[in-house]
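Text of data-v4.cif (mmCIF, C-alpha atoms) as supplied:
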data_final
#
loop_
_atom_site.label_atom_id
_atom_site.label_comp_id
_atom_site.auth_asym_id
_atom_site.auth_seq_id
_atom_site.Cartn_x
_atom_site.Cartn_y
_atom_site.Cartn_z
CA MET A 5 0.19 -5.21 19.11
CA LYS A 6 -1.40 -2.24 17.39
CA PHE A 7 0.31 -0.83 14.28
CA ASP A 8 -0.38 1.10 11.08
CA LEU A 9 2.07 0.76 8.19
CA HIS A 10 0.50 3.06 5.59
CA THR A 11 0.53 6.83 6.14
CA HIS A 12 1.27 9.88 4.02
CA HIS A 13 2.03 13.56 4.68
CA PHE A 14 2.41 16.90 2.91
CA ARG A 15 5.30 15.88 0.64
CA CYS A 16 3.05 13.89 -1.71
CA GLY A 17 1.02 17.00 -2.52
CA HIS A 18 -2.36 15.52 -1.67
CA ALA A 19 -2.13 14.88 2.08
CA ASP A 20 -2.33 17.12 5.14
CA GLY A 21 0.14 17.39 8.00
CA ASN A 22 3.78 16.64 8.61
CA ILE A 23 5.44 13.45 9.80
CA ARG A 24 5.39 14.51 13.43
CA ASP A 25 1.61 15.02 13.22
CA TYR A 26 1.16 11.41 12.14
CA VAL A 27 3.47 10.07 14.83
CA GLU A 28 1.61 12.03 17.50
CA ALA A 29 -1.69 10.76 16.09
CA GLY A 30 -0.29 7.23 16.31
CA ILE A 31 0.50 7.70 19.98
CA SER A 32 -3.00 9.08 20.60
CA ALA A 33 -4.45 6.05 18.80
CA GLY A 34 -2.51 3.67 21.05
CA LEU A 35 -0.18 2.37 18.35
CA ALA A 36 2.99 0.51 19.29
CA ALA A 37 4.41 1.13 15.81
CA ILE A 38 3.66 3.53 12.97
CA GLY A 39 5.04 3.30 9.48
CA ILE A 40 5.59 6.45 7.45
CA SER A 41 5.15 5.50 3.81
CA ASP A 42 4.80 8.46 1.50
CA HIS A 43 4.74 8.08 -2.28
CA THR A 44 8.01 7.66 -4.15
CA PRO A 45 9.01 10.27 -6.70
CA TYR A 46 8.40 9.38 -10.34
CA PHE A 47 11.85 7.98 -11.05
CA GLY A 48 10.94 6.92 -14.59
CA SER A 49 10.42 10.51 -15.71
CA GLU A 50 13.21 12.86 -16.73
CA GLU A 51 11.39 15.68 -14.93
CA GLU A 52 12.20 16.44 -11.31
CA GLN A 53 8.55 16.42 -10.25
CA PRO A 54 6.16 15.63 -13.13
CA PHE A 55 3.10 15.27 -10.85
CA PRO A 56 3.29 17.71 -7.90
CA LYS A 57 -0.16 16.68 -6.67
CA ILE A 58 0.80 13.00 -6.55
CA ALA A 59 4.39 12.57 -5.42
CA MET A 60 7.43 14.39 -4.04
CA PRO A 61 10.29 15.64 -6.24
CA LYS A 62 13.28 13.33 -6.62
CA ALA A 63 15.58 15.58 -4.63
CA GLU A 64 13.24 15.44 -1.64
CA LEU A 65 13.60 11.70 -1.09
CA ARG A 66 16.79 11.95 0.97
CA HIS A 67 15.25 14.67 3.14
CA TYR A 68 12.19 12.48 3.68
CA VAL A 69 14.33 9.53 4.76
CA GLN A 70 16.45 11.64 7.10
CA GLU A 71 13.43 13.26 8.73
CA VAL A 72 11.84 9.88 9.45
CA LEU A 73 15.11 8.56 10.90
CA ASP A 74 15.51 11.66 13.08
CA ILE A 75 11.95 11.40 14.38
CA LYS A 76 12.45 7.68 14.97
CA LYS A 77 15.30 8.50 17.37
CA GLU A 78 13.33 11.28 19.04
CA TYR A 79 10.32 9.07 19.77
CA GLU A 80 12.25 5.96 20.80
CA GLY A 81 10.55 4.42 23.81
CA LYS A 82 7.24 6.11 23.03
CA ILE A 83 6.38 4.57 19.66
CA ASP A 84 8.36 2.60 17.09
CA VAL A 85 8.60 4.80 13.98
CA LEU A 86 9.24 2.69 10.89
CA LEU A 87 10.74 3.98 7.66
CA GLY A 88 8.56 2.89 4.77
CA ILE A 89 7.63 4.15 1.36
CA GLU A 90 4.89 3.42 -1.16
CA SER A 91 6.26 2.72 -4.60
CA ASP A 92 4.44 2.59 -7.89
CA PHE A 93 5.12 -0.40 -10.09
CA PHE A 94 5.94 0.28 -13.73
CA PRO A 95 7.57 -2.84 -15.25
CA GLU A 96 9.46 -0.88 -17.89
CA VAL A 97 11.32 1.22 -15.29
CA ALA A 98 11.14 -1.07 -12.26
CA HIS A 99 14.92 -1.44 -12.27
CA ILE A 100 15.32 2.31 -11.74
CA TYR A 101 13.00 2.23 -8.74
CA HIS A 102 14.77 -0.82 -7.34
CA GLU A 103 18.25 0.65 -7.71
CA THR A 104 17.24 3.99 -6.21
CA LEU A 105 15.29 2.67 -3.25
CA SER A 106 18.00 0.12 -2.43
CA LYS A 107 20.25 3.00 -1.36
CA TYR A 108 18.12 3.76 1.69
CA PRO A 109 17.46 1.80 4.92
CA PHE A 110 13.76 1.20 4.49
CA ASP A 111 12.02 -1.07 6.97
CA TYR A 112 9.61 -2.01 4.19
CA ILE A 113 8.40 -0.93 0.76
CA ILE A 114 4.75 -1.06 -0.25
CA GLY A 115 4.25 -1.87 -3.93
CA SER A 116 1.06 -0.43 -5.37
CA VAL A 117 -0.39 -0.47 -8.86
CA HIS A 118 -1.98 2.93 -9.39
CA SER A 119 -2.40 2.91 -13.17
CA THR A 120 -2.89 0.54 -16.07
CA GLY A 121 -2.52 1.46 -19.71
CA GLY A 122 -1.34 4.90 -18.65
CA VAL A 123 -4.64 5.70 -16.92
CA SER A 124 -5.22 6.00 -13.17
CA ILE A 125 -7.08 3.09 -11.62
CA PHE A 126 -9.24 5.68 -9.83
CA ASN A 127 -10.35 7.40 -13.06
CA LYS A 128 -13.98 6.31 -13.34
CA ASN A 129 -14.19 7.71 -16.88
CA ARG A 130 -11.91 4.94 -18.13
CA TRP A 131 -14.88 2.55 -17.94
CA LYS A 132 -17.21 4.56 -20.14
CA GLY A 133 -18.36 2.69 -23.22
CA LEU A 134 -16.49 -0.54 -22.43
CA ASP A 135 -18.26 -3.81 -23.14
CA ASP A 136 -18.06 -6.76 -20.74
CA GLN A 137 -15.16 -8.44 -22.51
CA THR A 138 -13.03 -5.30 -22.58
CA SER A 139 -13.82 -4.59 -18.92
CA LEU A 140 -12.64 -8.10 -18.06
CA GLN A 141 -9.43 -7.53 -20.01
CA VAL A 142 -8.78 -4.33 -18.04
CA LYS A 143 -9.28 -6.17 -14.74
CA GLU A 144 -7.05 -9.04 -15.82
CA ALA A 145 -4.34 -6.58 -16.90
CA TYR A 146 -4.53 -4.97 -13.46
CA TYR A 147 -3.99 -8.29 -11.70
CA ASP A 148 -1.23 -9.21 -14.11
CA LEU A 149 0.64 -6.10 -13.00
CA ILE A 150 0.09 -7.04 -9.36
CA ARG A 151 1.52 -10.50 -10.04
CA GLN A 152 4.53 -8.94 -11.74
CA SER A 153 5.03 -6.64 -8.76
CA ALA A 154 4.89 -9.62 -6.39
CA ARG A 155 7.56 -11.43 -8.41
CA SER A 156 9.81 -8.38 -8.71
CA GLY A 157 11.52 -8.87 -5.36
CA MET A 158 11.13 -5.16 -4.66
CA PHE A 159 8.36 -5.20 -2.06
CA GLN A 160 7.49 -6.57 1.35
CA ILE A 161 3.85 -5.49 1.12
CA LEU A 162 1.41 -5.11 -1.77
CA GLY A 163 -0.95 -2.18 -1.38
CA HIS A 164 -4.74 -2.15 -1.79
CA ILE A 165 -4.98 -5.06 -4.24
CA ASP A 166 -8.53 -4.36 -5.38
CA ALA A 167 -8.39 -0.56 -5.26
CA MET A 168 -9.53 -0.29 -8.87
CA LYS A 169 -13.03 -0.55 -7.40
CA GLY A 170 -12.41 2.68 -5.49
CA ASN A 171 -14.29 5.04 -7.77
CA TYR A 172 -15.97 2.30 -9.81
CA PRO A 173 -17.72 -0.11 -7.42
CA ALA A 174 -18.92 -2.25 -10.36
CA PHE A 175 -15.29 -3.36 -10.76
CA ALA A 176 -15.94 -5.88 -8.00
CA ASP A 177 -18.65 -7.53 -10.11
CA ILE A 178 -16.45 -8.14 -13.15
CA PRO A 179 -15.93 -11.95 -13.05
CA ALA A 180 -12.18 -12.47 -12.78
CA SER A 181 -11.85 -15.07 -10.03
CA LYS A 182 -9.20 -16.99 -11.97
CA ALA A 183 -6.97 -13.92 -12.25
CA ILE A 184 -7.44 -13.12 -8.56
CA ASP A 185 -6.68 -16.69 -7.49
CA GLU A 186 -3.55 -16.77 -9.65
CA THR A 187 -2.46 -13.49 -8.06
CA LEU A 188 -2.99 -14.73 -4.51
CA LYS A 189 -1.06 -17.91 -5.28
CA VAL A 190 1.90 -15.87 -6.55
CA ILE A 191 1.81 -13.59 -3.50
CA ALA A 192 1.80 -16.63 -1.20
CA GLU A 193 4.70 -18.20 -3.11
CA GLU A 194 6.71 -14.99 -2.80
CA LYS A 195 6.02 -14.85 0.94
CA ILE A 196 5.05 -11.20 0.99
CA ALA A 197 2.04 -9.56 2.61
CA ILE A 198 -1.08 -7.80 1.42
CA GLU A 199 -2.53 -4.95 3.42
CA ILE A 200 -6.04 -4.48 4.66
CA ASN A 201 -6.37 -0.83 3.72
CA THR A 202 -9.23 1.13 5.26
CA SER A 203 -9.03 4.12 2.92
CA GLY A 204 -11.64 2.61 0.61
CA LYS A 205 -14.19 4.32 2.86
CA THR A 206 -13.02 7.64 1.37
CA LYS A 207 -13.87 6.50 -2.18
CA LEU A 208 -17.14 5.68 -3.94
CA CYS A 209 -16.84 1.99 -3.10
CA GLY A 210 -17.13 2.85 0.59
CA GLY A 211 -15.33 -0.23 1.92
CA TRP A 212 -11.95 -1.69 2.69
CA TYR A 213 -9.37 -3.03 0.26
CA PRO A 214 -9.49 -5.93 -0.36
CA ALA A 215 -13.03 -7.27 -0.09
CA ASP A 216 -13.83 -10.04 2.38
CA GLU A 217 -14.15 -12.64 -0.36
CA ILE A 218 -10.58 -11.91 -1.45
CA LEU A 219 -9.38 -12.11 2.14
CA GLU A 220 -11.08 -15.49 2.50
CA ARG A 221 -9.23 -16.76 -0.55
CA ALA A 222 -6.00 -15.17 0.70
CA LEU A 223 -6.35 -17.22 3.89
CA HIS A 224 -6.91 -20.35 1.80
CA TYR A 225 -3.68 -19.77 -0.14
CA GLY A 226 -1.66 -18.84 2.94
CA VAL A 227 -1.12 -15.16 2.16
CA TYR A 228 0.26 -12.98 4.96
CA VAL A 229 -1.75 -9.88 5.88
CA THR A 230 -0.96 -6.55 7.48
CA PHE A 231 -2.79 -3.30 8.29
CA GLY A 232 -2.62 0.16 6.75
CA SER A 233 -5.02 3.05 7.12
CA ASP A 234 -3.53 4.83 4.07
CA ALA A 235 -4.09 7.99 6.11
CA HIS A 236 -3.78 11.26 4.21
CA LYS A 237 -4.68 13.25 7.30
CA PRO A 238 -3.55 12.56 10.87
CA SER A 239 -7.07 11.93 12.16
CA ARG A 240 -7.26 8.70 10.10
CA VAL A 241 -4.19 7.04 11.63
CA GLY A 242 -5.19 3.59 12.87
CA ASP A 243 -8.67 4.08 11.46
CA GLU A 244 -10.86 0.96 11.98
CA TRP A 245 -7.91 -1.09 13.23
CA GLU A 246 -10.02 -2.95 15.78
CA GLU A 247 -12.78 -3.61 13.25
CA VAL A 248 -10.25 -5.07 10.81
CA ARG A 249 -8.72 -7.24 13.52
CA THR A 250 -12.15 -8.59 14.46
CA ARG A 251 -13.04 -9.30 10.84
CA LEU A 252 -9.78 -11.14 10.23
CA ILE A 253 -10.40 -13.34 13.27
CA ASP A 254 -13.92 -14.04 12.02
CA ILE A 255 -12.54 -15.07 8.63
CA GLY A 256 -10.08 -17.41 10.30
CA PHE A 257 -6.75 -15.59 10.41
CA LYS A 258 -4.65 -16.17 13.52
CA GLU A 259 -1.86 -13.65 12.93
CA TRP A 260 -0.74 -10.67 10.91
CA VAL A 261 2.62 -9.09 10.21
CA TYR A 262 4.67 -5.94 10.13
CA TYR A 263 8.26 -5.32 9.04
CA LYS A 264 11.47 -4.01 10.55
CA GLN A 265 14.61 -3.78 8.41
CA LYS A 266 12.66 -5.73 5.79
CA GLN A 267 12.31 -8.69 8.15
CA MET A 268 8.80 -9.99 8.71
CA GLN A 269 7.55 -9.78 12.28
CA ILE A 270 4.60 -12.11 12.93
CA VAL A 271 2.22 -11.10 15.73
CA PRO A 272 -0.99 -12.77 16.91
CA LEU A 273 -4.31 -11.13 16.19
#
Please, can you express the file's structure as structure tokens?
Amino acid sequence: MKFDLHTHHFRCGHADGNIRDYVEAGISAGLAAIGISDHTPYFGSEEEQPFPKIAMPKAELRHYVQEVLDIKKEYEGKIDVLLGIESDFFPEVAHIYHETLSKYPFDYIIGSVHSTGGVSIFNKNRWKGLDDQTSLQVKEAYYDLIRQSARSGMFQILGHIDAMKGNYPAFADIPASKAIDETLKVIAEEKIAIEINTSGKTKLCGGWYPADEILERALHYGVYVTFGSDAHKPSRVGDEWEEVRTRLIDIGFKEWVYYKQKQMQIVPL
């Protein structure tokens, strides 16, 4: 079964196309299911839309949900359109996100850490002048947030769990195997999935999230995996799906998962 659970569209302010464009691209790519998963509004801010280039305004969320549900009905029998969303994880306001998102019938919620210490994980300038010890502390803080997100009970999927390497490839070389192993153990205990996200090819790191060595350890700990292109333009829907499937089989995975009504659906690779 071919699926893609991570797609965006114009509402986030940094993606092209509308929802219908992504659904049509999914059909063209031979998908049986496509998840629409645009970024949540910034619920922790008093402003309606503090970051127009990053996420939709708060008032737009209900329109987003309704549009996905309408298109789901329209395309029934052609492709299974799943209602998802990608949520940031800020521990101090996680309860606000949880309460707000619980009001809607999401098939799944992707939890992604996009910033640490108030700075974007993709900001390569954050690494300037840091010594080895401080760099390690930054990486450990990143994985601590991912562990907290896994334990929060808010998410079915954790997004791009080594994406901090995106615009700083040297991130991968910072020795933090203990923190990564602890994180994978927690994810396995919580019985949620991590995605293989092919959007890393659009960043300086030029590869998938997460790296093969993390996937090998994920298999060892019994972590579930899923697929997401993280498409910000329709042409990337399902991008490298077959290559990911082949790699997972080579590593030793036998199955991967997707979600409907927050229930895990296990399918063979």
Answer key for the PyMOL selection byres ((chain A and resi 19-32) around 8), residues as a PyMOL selection string: chain A and resi 11-18+33-38+40+72+75+82-83+85+236-239+241-242
Using the selection just defined, write its residues with C-alpha atoms as a tab-separated table (two decimals), in the coordinates of the input.
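As written to disk, again-v1.tsv reads:
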chain	number	residue	atom	x	y	z
A	11	THR	CA	0.53	6.83	6.14
A	12	HIS	CA	1.27	9.88	4.02
A	13	HIS	CA	2.03	13.56	4.68
A	14	PHE	CA	2.41	16.90	2.91
A	15	ARG	CA	5.30	15.88	0.64
A	16	CYS	CA	3.05	13.89	-1.71
A	17	GLY	CA	1.02	17.00	-2.52
A	18	HIS	CA	-2.36	15.52	-1.67
A	33	ALA	CA	-4.45	6.05	18.80
A	34	GLY	CA	-2.51	3.67	21.05
A	35	LEU	CA	-0.18	2.37	18.35
A	36	ALA	CA	2.99	0.51	19.29
A	37	ALA	CA	4.41	1.13	15.81
A	38	ILE	CA	3.66	3.53	12.97
A	40	ILE	CA	5.59	6.45	7.45
A	72	VAL	CA	11.84	9.88	9.45
A	75	ILE	CA	11.95	11.40	14.38
A	82	LYS	CA	7.24	6.11	23.03
A	83	ILE	CA	6.38	4.57	19.66
A	85	VAL	CA	8.60	4.80	13.98
A	236	HIS	CA	-3.78	11.26	4.21
A	237	LYS	CA	-4.68	13.25	7.30
A	238	PRO	CA	-3.55	12.56	10.87
A	239	SER	CA	-7.07	11.93	12.16
A	241	VAL	CA	-4.19	7.04	11.63
A	242	GLY	CA	-5.19	3.59	12.87
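Running the PyMOL selection byres ((chain A and resi 119) around 12) on this file leaves Asp92, Phe93, Phe94, Pro95, Ser116, Val117, His118, Thr120, Gly121, Gly122, Val123, Ser124, Ile125, Phe126, Asn127, Arg130, Val142, Lys143, Ala145, Tyr146, Tyr147, Leu149, Ile150, Ala167 and Met168 of chain A selected.
Those residues returned by the PyMOL selection byres ((chain A and resi 53-62) around 8) for this file are Arg15, Cys16, Gly17, His18, His43, Thr44, Pro45, Tyr46, Phe47, Ser49, Glu51, Glu52, Ala63, Glu64 and Leu65 of chain A.
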List every protein, DNA or RNA residue that has at least one atom no more than 7 Å from (-0.6, -10.5, 4.1) in the file's coordinates, counting all atoms listed in the file, and write the result as a VMD selection string. chain A and resid 196 to 199 227 to 230 260
Let me know the centre plus edge lengths, in Å and rounded to one decimal, of a box with edges along x, y and z that contains all listed atoms of segment 248-259 of chain A and is padded by 4 Å on every side, as JSON.
{"center_x": -7.9, "center_y": -11.2, "center_z": 11.5, "size_x": 20.1, "size_y": 20.3, "size_z": 13.8}
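Atom CA of Pro109 of chain A sits 10.1 Å away from atom CA of Lys264 of chain A.
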Could you give me, as a count of residues only, the residues within 12 Å of Phe257 of chain A, counting only C-alpha atoms and dropping anything in the same chain fewer than 3 positions from it? 24
From the list A:Glu194, A:Glu244, A:His99, A:Leu140, the nearest residue to Ser181 of chain A using all atoms listed in the file is A:Leu140
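With all atoms listed in the file as the basis for measurement, A:Lys169 is the residue among A:Lys128, A:Lys266, A:Arg151, A:Lys169 that approaches Pro214 of chain A most closely.
Separating atom CA of Gly210 of chain A from atom CA of Tyr172 of chain A is a distance of 10.5 Å.
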Who sits within 9 Å of Phe110 of chain A, only C-alpha atoms, same chain under 2 positions skipped, as a PDB file with C-alpha atoms, keeping the file's coordinate frame:
ATOM      1  CA  VAL A  69      14.330   9.530   4.760  1.00  0.00           C
ATOM      2  CA  LEU A  86       9.240   2.690  10.890  1.00  0.00           C
ATOM      3  CA  LEU A  87      10.740   3.980   7.660  1.00  0.00           C
ATOM      4  CA  GLY A  88       8.560   2.890   4.770  1.00  0.00           C
ATOM      5  CA  ILE A  89       7.630   4.150   1.360  1.00  0.00           C
ATOM      6  CA  LEU A 105      15.290   2.670  -3.250  1.00  0.00           C
ATOM      7  CA  SER A 106      18.000   0.120  -2.430  1.00  0.00           C
ATOM      8  CA  LYS A 107      20.250   3.000  -1.360  1.00  0.00           C
ATOM      9  CA  TYR A 108      18.120   3.760   1.690  1.00  0.00           C
ATOM     10  CA  TYR A 112       9.610  -2.010   4.190  1.00  0.00           C
ATOM     11  CA  ILE A 113       8.400  -0.930   0.760  1.00  0.00           C
ATOM     12  CA  LYS A 264      11.470  -4.010  10.550  1.00  0.00           C
ATOM     13  CA  GLN A 265      14.610  -3.780   8.410  1.00  0.00           C
ATOM     14  CA  LYS A 266      12.660  -5.730   5.790  1.00  0.00           C
TER      15      LYS A 266
END
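Neighbours of Met158 of chain A closer than or equal to 8 Å, with only C-alpha atoms counted and sequence neighbours fewer than 2 positions away skipped, come out as His102, Ile113, Gly115, Ser153, Ala154, Ser156 and Gln160 of chain A.
Between atom CA of Ile184 of chain A and atom CA of Asp136 of chain A the interatomic distance comes to 17.4 Å.
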Give me, as a PyMOL selection string, all polymer residues having an atom no more than 9 Å from Asp166 of chain A, counting only C-alpha atoms and skipping those fewer than 6 positions away in the same chain. chain A and resi 147+175-176+213-215+218
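When only C-alpha atoms are used to measure the gap to Asp234 of chain A, the shortest distance among A:Asp74, A:Glu96, A:Asp216, A:Glu90 belongs to A:Glu90.
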